[in-house]
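Trainee: Encoded as structure tokens, here's the structure I'll be asking about.
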There are 2 protein chains.
Amino acid sequence: MLFTMTNLRCHISISLDGYVAGPDQSTENPLGVGGEQLHDWVVALDAFQRAHGGQGGEENASTAVFEEANANIGAAIMGRGMFGPIGGGPWTDDEWTGWWGDNPPCHYPVFVLTHHARDRVEMAGGTTYRFVTDGIESALEQARAAAGGKDVMLWGGGQVIGQYLAAGLLDVLELHVVPLLLGGGSRPFVAGSGARLEQVRAVEGPGVTHLKYRVLTEGAG
Amino acid sequence: MLFTMTNLRCHISISLDGYVAGPDQSTENPLGVGGEQLHDWVVALDAFQRAHGGQGGEENASTAVFEEANANIGAAIMGRGMFGPIGGGPWTDDEWTGWWGDNPPCHYPVFVLTHHARDRVEMAGGTTYRFVTDGIESALEQARAAAGGKDVMLWGGGQVIGQYLAAGLLDVLELHVVPLLLGGGSRPFVAGSGARLEQVRAVEGPGVTHLKYRVLTEGAG
């Protein structure tokens with residue numbers, strides 16, 4: 001091909017037993033029981049604190065991984081279950097604008113997969129939420145067009161990652177493996193995806209290991 | 001305690017989606033569909049080839065991991081499903097002596113968990129198979145007594161690993177994470193084990209990452 005396509009990349013924290021959120025997710029506990037601990041490694045980083053308007057975290061082997069994972073991203077895709085409370089709540093009156101405050105730290109367009117049509121929401125700082133009701137391929141096409149030549153980030157959750165992987169649309173998958181056993185919750189891998197992966201690199205951080213893979217496309221050169 | 005207990009250690013290859021054997025395990029395909037690829041990284045090693053009477057493999061970053069994982073082991077435990085064909089076959093007439101030939105490479109006592117009582121089998125080279133019908137704690141007690149001060153290796157399969165983990169009897173868990181999606185099969189983690197793990201180290205090998213954890217005992221010092 002003459003065109004260089006932007007990559008669809010996903011990086012997500014996962015428990016050693018394979019869950020990206022714990023069991024019993026709810027509005028009060030959006031990451032499920034025990035799920036918040038999946039993100040302890042990143043919240044501890046100074047790079048994360050600065051990206052979220054804070055300071056005072058640490059610098060360690062995970063810092064470069066965090067910075068690389070968030071570099072060169074021009075748009076993002078996420079599932080309805082990640083964007084808002086599950087099972088009703090503020091979402092139903094179209095006033096819900098995500099978990100990330102009035103000035104979300106990403107500063108780019110975010111495409112939300114949903115069955116509920118809704119007008120675009122403009123946040124402070126350049127973030128926009130756009131609601132896609134016609135499926136994952138359409139969302140990817142729109143996100144690529146909006147990314148301005150940069151890559152598209154697939155935020156999750158687990159179910160949506162599984163859908164993109166099974167459809168052969170994901171290019172790069174990075175898992176931040178945390179030594180937790182959550183015993184249940186949301187799994188990103190679906191049976192029969194048939195995806196083949198190639199290990200790019202592994203980095204040991206404190207209390208986490210960062211595993212990066214390229215998803216190989218069957219039949220491609 | 002005044003006594004130094006030997007550790008129960010487990011190291012096993014696992015797919016990125018969490019399976020230690022693929023789906024549809026059978027006598028013809030004891031590792032399940034696609035499961036043999038879990039072991040490509042180790043079969044490629046010269047250290048593995050030499051341990052199995054061969055030669056000609058390679059040396060790489062996984063070599064030291066392989067040697068460490070197999071050092072200081074005085075006895076092993078494995079499940080019935082790992083020892084012999086599933087669903088009958090040679091086992092039923094007590095003539096089955098495992099998948100590992102007349103002179104198995106381990107050269108120490110191996111305790112097989114089973115509901116089928118059977119006399120001890122002495123193999124060439126010091127390996128003995130002993131059949132334990134009264135549960136995982138009894139098997140561990142017998143293996144520790146037979147290990148001569150060395151550690152006990154828990155070979156698997158997945159179900160047995162889950163049982164020892166849930167019972168709080170496993171001390172060290174090493175996973176060799178292979179970039180395969182098997183889509184189904186045997187999983188070593190069981191819901192509600194409640195085990196807490198501490199990351200010891202991660203090593204990147206070619207086509208595999210070696211993650212080593214210590215299992216923390218609740219309430220212990």
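Letters A, B, ... mark the chains of the structure tokens in the order given; residue numbers begin at 1 per chain; ligand numbers begin at 1, in order shown.
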Counting only C-alpha atoms, which residues of chain B fall within 6 Å of chain A, and what is the closest atom pair for each with its distance in Å at one decimal, ordered by chain and rising number, as a Markdown table?

Mentor:
| residue | atom | partner | partner_atom | distance |
| --- | --- | --- | --- | --- |
| B:Pro179 | CA | A:Leu197 | CA | 5.5 |
| B:Gly183 | CA | A:Ala191 | CA | 4.0 |
| B:Ala191 | CA | A:Gly183 | CA | 4.0 |
| B:Gly192 | CA | A:Gly183 | CA | 5.4 |
| B:Leu197 | CA | A:Pro179 | CA | 5.5 |
| B:Gln199 | CA | A:Gly207 | CA | 5.8 |
| B:Ala202 | CA | A:Glu204 | CA | 5.5 |
| B:Glu204 | CA | A:Ala202 | CA | 5.5 |
| B:Gly207 | CA | A:Gln199 | CA | 5.8 |

Trainee: Generate the output file for the selected residues, N, CA and C atoms, as a PDB file, in the first residue's frame.

Mentor:
ATOM      1  N   PRO B 179       3.388 -15.561  23.730  1.00  0.00           N
ATOM      2  CA  PRO B 179       2.415 -14.751  22.987  1.00  0.00           C
ATOM      3  C   PRO B 179       1.497 -15.568  22.089  1.00  0.00           C
ATOM      4  N   GLY B 183      -7.457 -19.558  23.315  1.00  0.00           N
ATOM      5  CA  GLY B 183      -8.908 -19.444  23.206  1.00  0.00           C
ATOM      6  C   GLY B 183      -9.697 -20.386  24.091  1.00  0.00           C
ATOM      7  N   ALA B 191     -11.192 -18.986  41.001  1.00  0.00           N
ATOM      8  CA  ALA B 191     -11.867 -17.864  41.651  1.00  0.00           C
ATOM      9  C   ALA B 191     -11.743 -17.989  43.157  1.00  0.00           C
ATOM     10  N   GLY B 192     -11.522 -16.864  43.789  1.00  0.00           N
ATOM     11  CA  GLY B 192     -11.551 -16.825  45.244  1.00  0.00           C
ATOM     12  C   GLY B 192     -10.379 -17.456  45.946  1.00  0.00           C
ATOM     13  N   LEU B 197       0.329 -12.086  45.812  1.00  0.00           N
ATOM     14  CA  LEU B 197       1.601 -12.390  45.172  1.00  0.00           C
ATOM     15  C   LEU B 197       2.513 -11.171  45.194  1.00  0.00           C
ATOM     16  N   GLN B 199       5.883  -9.691  43.120  1.00  0.00           N
ATOM     17  CA  GLN B 199       6.724  -9.903  41.946  1.00  0.00           C
ATOM     18  C   GLN B 199       8.188  -9.985  42.364  1.00  0.00           C
ATOM     19  N   ALA B 202      11.261 -10.179  36.454  1.00  0.00           N
ATOM     20  CA  ALA B 202      10.811 -10.513  35.103  1.00  0.00           C
ATOM     21  C   ALA B 202      12.033 -10.584  34.207  1.00  0.00           C
ATOM     22  N   GLU B 204      13.049 -11.070  30.062  1.00  0.00           N
ATOM     23  CA  GLU B 204      12.603 -11.173  28.676  1.00  0.00           C
ATOM     24  C   GLU B 204      13.471 -12.179  27.931  1.00  0.00           C
ATOM     25  N   GLY B 207      10.621 -14.623  22.411  1.00  0.00           N
ATOM     26  CA  GLY B 207       9.295 -15.217  22.268  1.00  0.00           C
ATOM     27  C   GLY B 207       8.663 -15.673  23.566  1.00  0.00           C
TER      28      GLY B 207
END

Trainee: If we count only C-alpha atoms and set the cut-off at 12 Å, which residues sit around Arg130 (chain A), ignoring sequence neighbours fewer than 4 positions away in its own chain? Please answer as a list in words.

Mentor: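 The residues that qualify are Ala75, Ala76, Ile77, Met78, Gly79, Arg80, Phe83, Thr97, Gly98, Tyr108, Pro109, Val110, Phe111, Val112, Leu113, Thr114, His116, Ala117, Arg118, Asp119, Arg120, Val121, Glu122, Met123, Ala139, Gln142, Ala143 and Ala146 of chain A.
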
Trainee: Okay, now the selection with C-alpha atoms, as a compact mmCIF listing (two decimals), in the first residue's frame?

Mentor:
# COMPACT_ATOMS: atom_id res chain seq x y z
CA ALA A 75 -7.64 10.08 19.08
CA ALA A 76 -9.09 7.33 21.27
CA ILE A 77 -11.87 4.75 21.28
CA MET A 78 -13.62 3.38 24.32
CA GLY A 79 -16.64 1.32 25.17
CA ARG A 80 -19.85 2.57 26.71
CA PHE A 83 -17.29 5.97 29.65
CA THR A 97 -19.52 13.67 30.71
CA GLY A 98 -17.20 10.88 31.77
CA TYR A 108 -7.98 14.80 21.79
CA PRO A 109 -11.20 13.36 20.30
CA VAL A 110 -12.56 10.29 22.07
CA PHE A 111 -15.04 8.03 20.27
CA VAL A 112 -17.47 6.22 22.56
CA LEU A 113 -19.08 3.02 21.29
CA THR A 114 -22.73 2.97 22.30
CA HIS A 116 -27.50 5.41 22.52
CA ALA A 117 -27.20 8.26 20.00
CA ARG A 118 -26.07 11.54 21.51
CA ASP A 119 -24.61 14.86 20.35
CA ARG A 120 -20.91 15.50 20.54
CA VAL A 121 -19.69 16.90 23.88
CA GLU A 122 -16.89 19.48 23.88
CA MET A 123 -14.77 19.53 27.02
CA ALA A 139 -15.50 4.10 15.19
CA GLN A 142 -13.72 8.07 12.33
CA ALA A 143 -10.95 7.99 14.93
CA ALA A 146 -9.58 12.59 13.45

Trainee: Give me, as a PDB file with N, CA and C atoms, in the first residue's frame, all polymer residues having an atom no more than 10 Å from Val33 (chain B), counting only C-alpha atoms and skipping those fewer than 5 positions away in the same chain.

Mentor:
ATOM      1  N   ALA B  21      -2.706 -25.348  28.911  1.00  0.00           N
ATOM      2  CA  ALA B  21      -2.903 -26.359  27.864  1.00  0.00           C
ATOM      3  C   ALA B  21      -4.061 -25.856  27.012  1.00  0.00           C
ATOM      4  N   GLY B  22      -4.074 -26.247  25.749  1.00  0.00           N
ATOM      5  CA  GLY B  22      -5.126 -25.791  24.850  1.00  0.00           C
ATOM      6  C   GLY B  22      -6.412 -26.570  25.022  1.00  0.00           C
ATOM      7  N   PRO B  23      -7.419 -26.234  24.240  1.00  0.00           N
ATOM      8  CA  PRO B  23      -8.701 -26.947  24.337  1.00  0.00           C
ATOM      9  C   PRO B  23      -8.601 -28.359  23.759  1.00  0.00           C
ATOM     10  N   ASP B  24      -9.562 -29.206  24.126  1.00  0.00           N
ATOM     11  CA  ASP B  24      -9.712 -30.547  23.548  1.00  0.00           C
ATOM     12  C   ASP B  24      -8.488 -31.432  23.777  1.00  0.00           C
ATOM     13  N   GLN B  25      -8.029 -31.484  25.030  1.00  0.00           N
ATOM     14  CA  GLN B  25      -6.932 -32.403  25.363  1.00  0.00           C
ATOM     15  C   GLN B  25      -7.380 -33.844  25.149  1.00  0.00           C
ATOM     16  N   SER B  26      -6.479 -34.674  24.624  1.00  0.00           N
ATOM     17  CA  SER B  26      -6.806 -36.072  24.380  1.00  0.00           C
ATOM     18  C   SER B  26      -5.512 -36.886  24.422  1.00  0.00           C
ATOM     19  N   LEU B 182      -4.786 -19.154  22.981  1.00  0.00           N
ATOM     20  CA  LEU B 182      -5.298 -20.514  22.760  1.00  0.00           C
ATOM     21  C   LEU B 182      -6.819 -20.554  22.738  1.00  0.00           C
ATOM     22  N   GLY B 183      -7.457 -19.558  23.315  1.00  0.00           N
ATOM     23  CA  GLY B 183      -8.908 -19.444  23.206  1.00  0.00           C
ATOM     24  C   GLY B 183      -9.697 -20.386  24.091  1.00  0.00           C
ATOM     25  N   GLY B 184      -8.999 -21.229  24.847  1.00  0.00           N
ATOM     26  CA  GLY B 184      -9.678 -22.175  25.727  1.00  0.00           C
ATOM     27  C   GLY B 184      -8.656 -23.171  26.239  1.00  0.00           C
ATOM     28  N   GLY B 185      -9.066 -24.003  27.207  1.00  0.00           N
ATOM     29  CA  GLY B 185      -8.153 -25.010  27.741  1.00  0.00           C
ATOM     30  C   GLY B 185      -8.112 -24.983  29.247  1.00  0.00           C
TER      31      GLY B 185
END

Trainee: Interatomic distance between CA of Ala44 (chain B) and CA of Asp102 (chain B)?

Mentor: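 It comes out at 22.8 Å.
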
Trainee: Got a sec to tell me which of chain A DSSP assigns to strand (DSSP E or B), as an MDAnalysis selection string?

Mentor: chainID A and resid 8:15 21 45 58 73:79 109:113 121:122 128:132 151:156 172:178 186 196:205 208:216

Trainee: May I have the residues within 12 Å of Leu154 (chain A) as JSON, numbers by chain, using only C-alpha atoms and disregarding those fewer than 4 positions away in the same chain?

Mentor: {"A": [7, 8, 9, 10, 11, 12, 69, 70, 73, 74, 75, 76, 77, 78, 79, 82, 110, 111, 112, 113, 136, 139, 140, 143, 144, 158, 159, 160, 161, 162, 163, 164, 165, 169, 170, 171, 172, 173, 174, 188]}

Trainee: Contacts of Thr63 (chain B) at 9 Å or less, counting only C-alpha atoms, minus same-chain residues fewer than 2 places along, as a list of chain:residue names?

Mentor: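 Here the qualifying residues turn out to be B:Val42, B:Leu45, B:Asp46, B:Ala47, B:Phe48, B:Glu58, B:Glu59, B:Asn60, B:Ala61, B:Val65, B:Phe66, B:Glu67, B:Glu68, B:Gly205.
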
Trainee: Looking only at helix (DSSP H, G or I) from DSSP on the backbone, list the matching residues of chain A as a PyMOL selection string.

Mentor: chain A and resi 35-43+46-51+61-70+80-83+89-93+124-126+136-146+158-166

Trainee: Using only C-alpha atoms, which residue out of B:Val43, B:Ala124, B:Ala166, B:Ala147 lies closest to Trp100 (chain B)?

Mentor: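 The closest residue to Trp100 (chain B) is B:Ala124.
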
Trainee: Would you compute the distance between CA of Gly34 (chain A) and CA of Ala71 (chain A)? Give it in Å to one decimal.

Mentor: 28.5 Å

Trainee: Quick one: distance from CA of Asp40 (chain B) to CA of His176 (chain A) in Å, one decimal?

Mentor: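 A separation of 23.8 Å between them.
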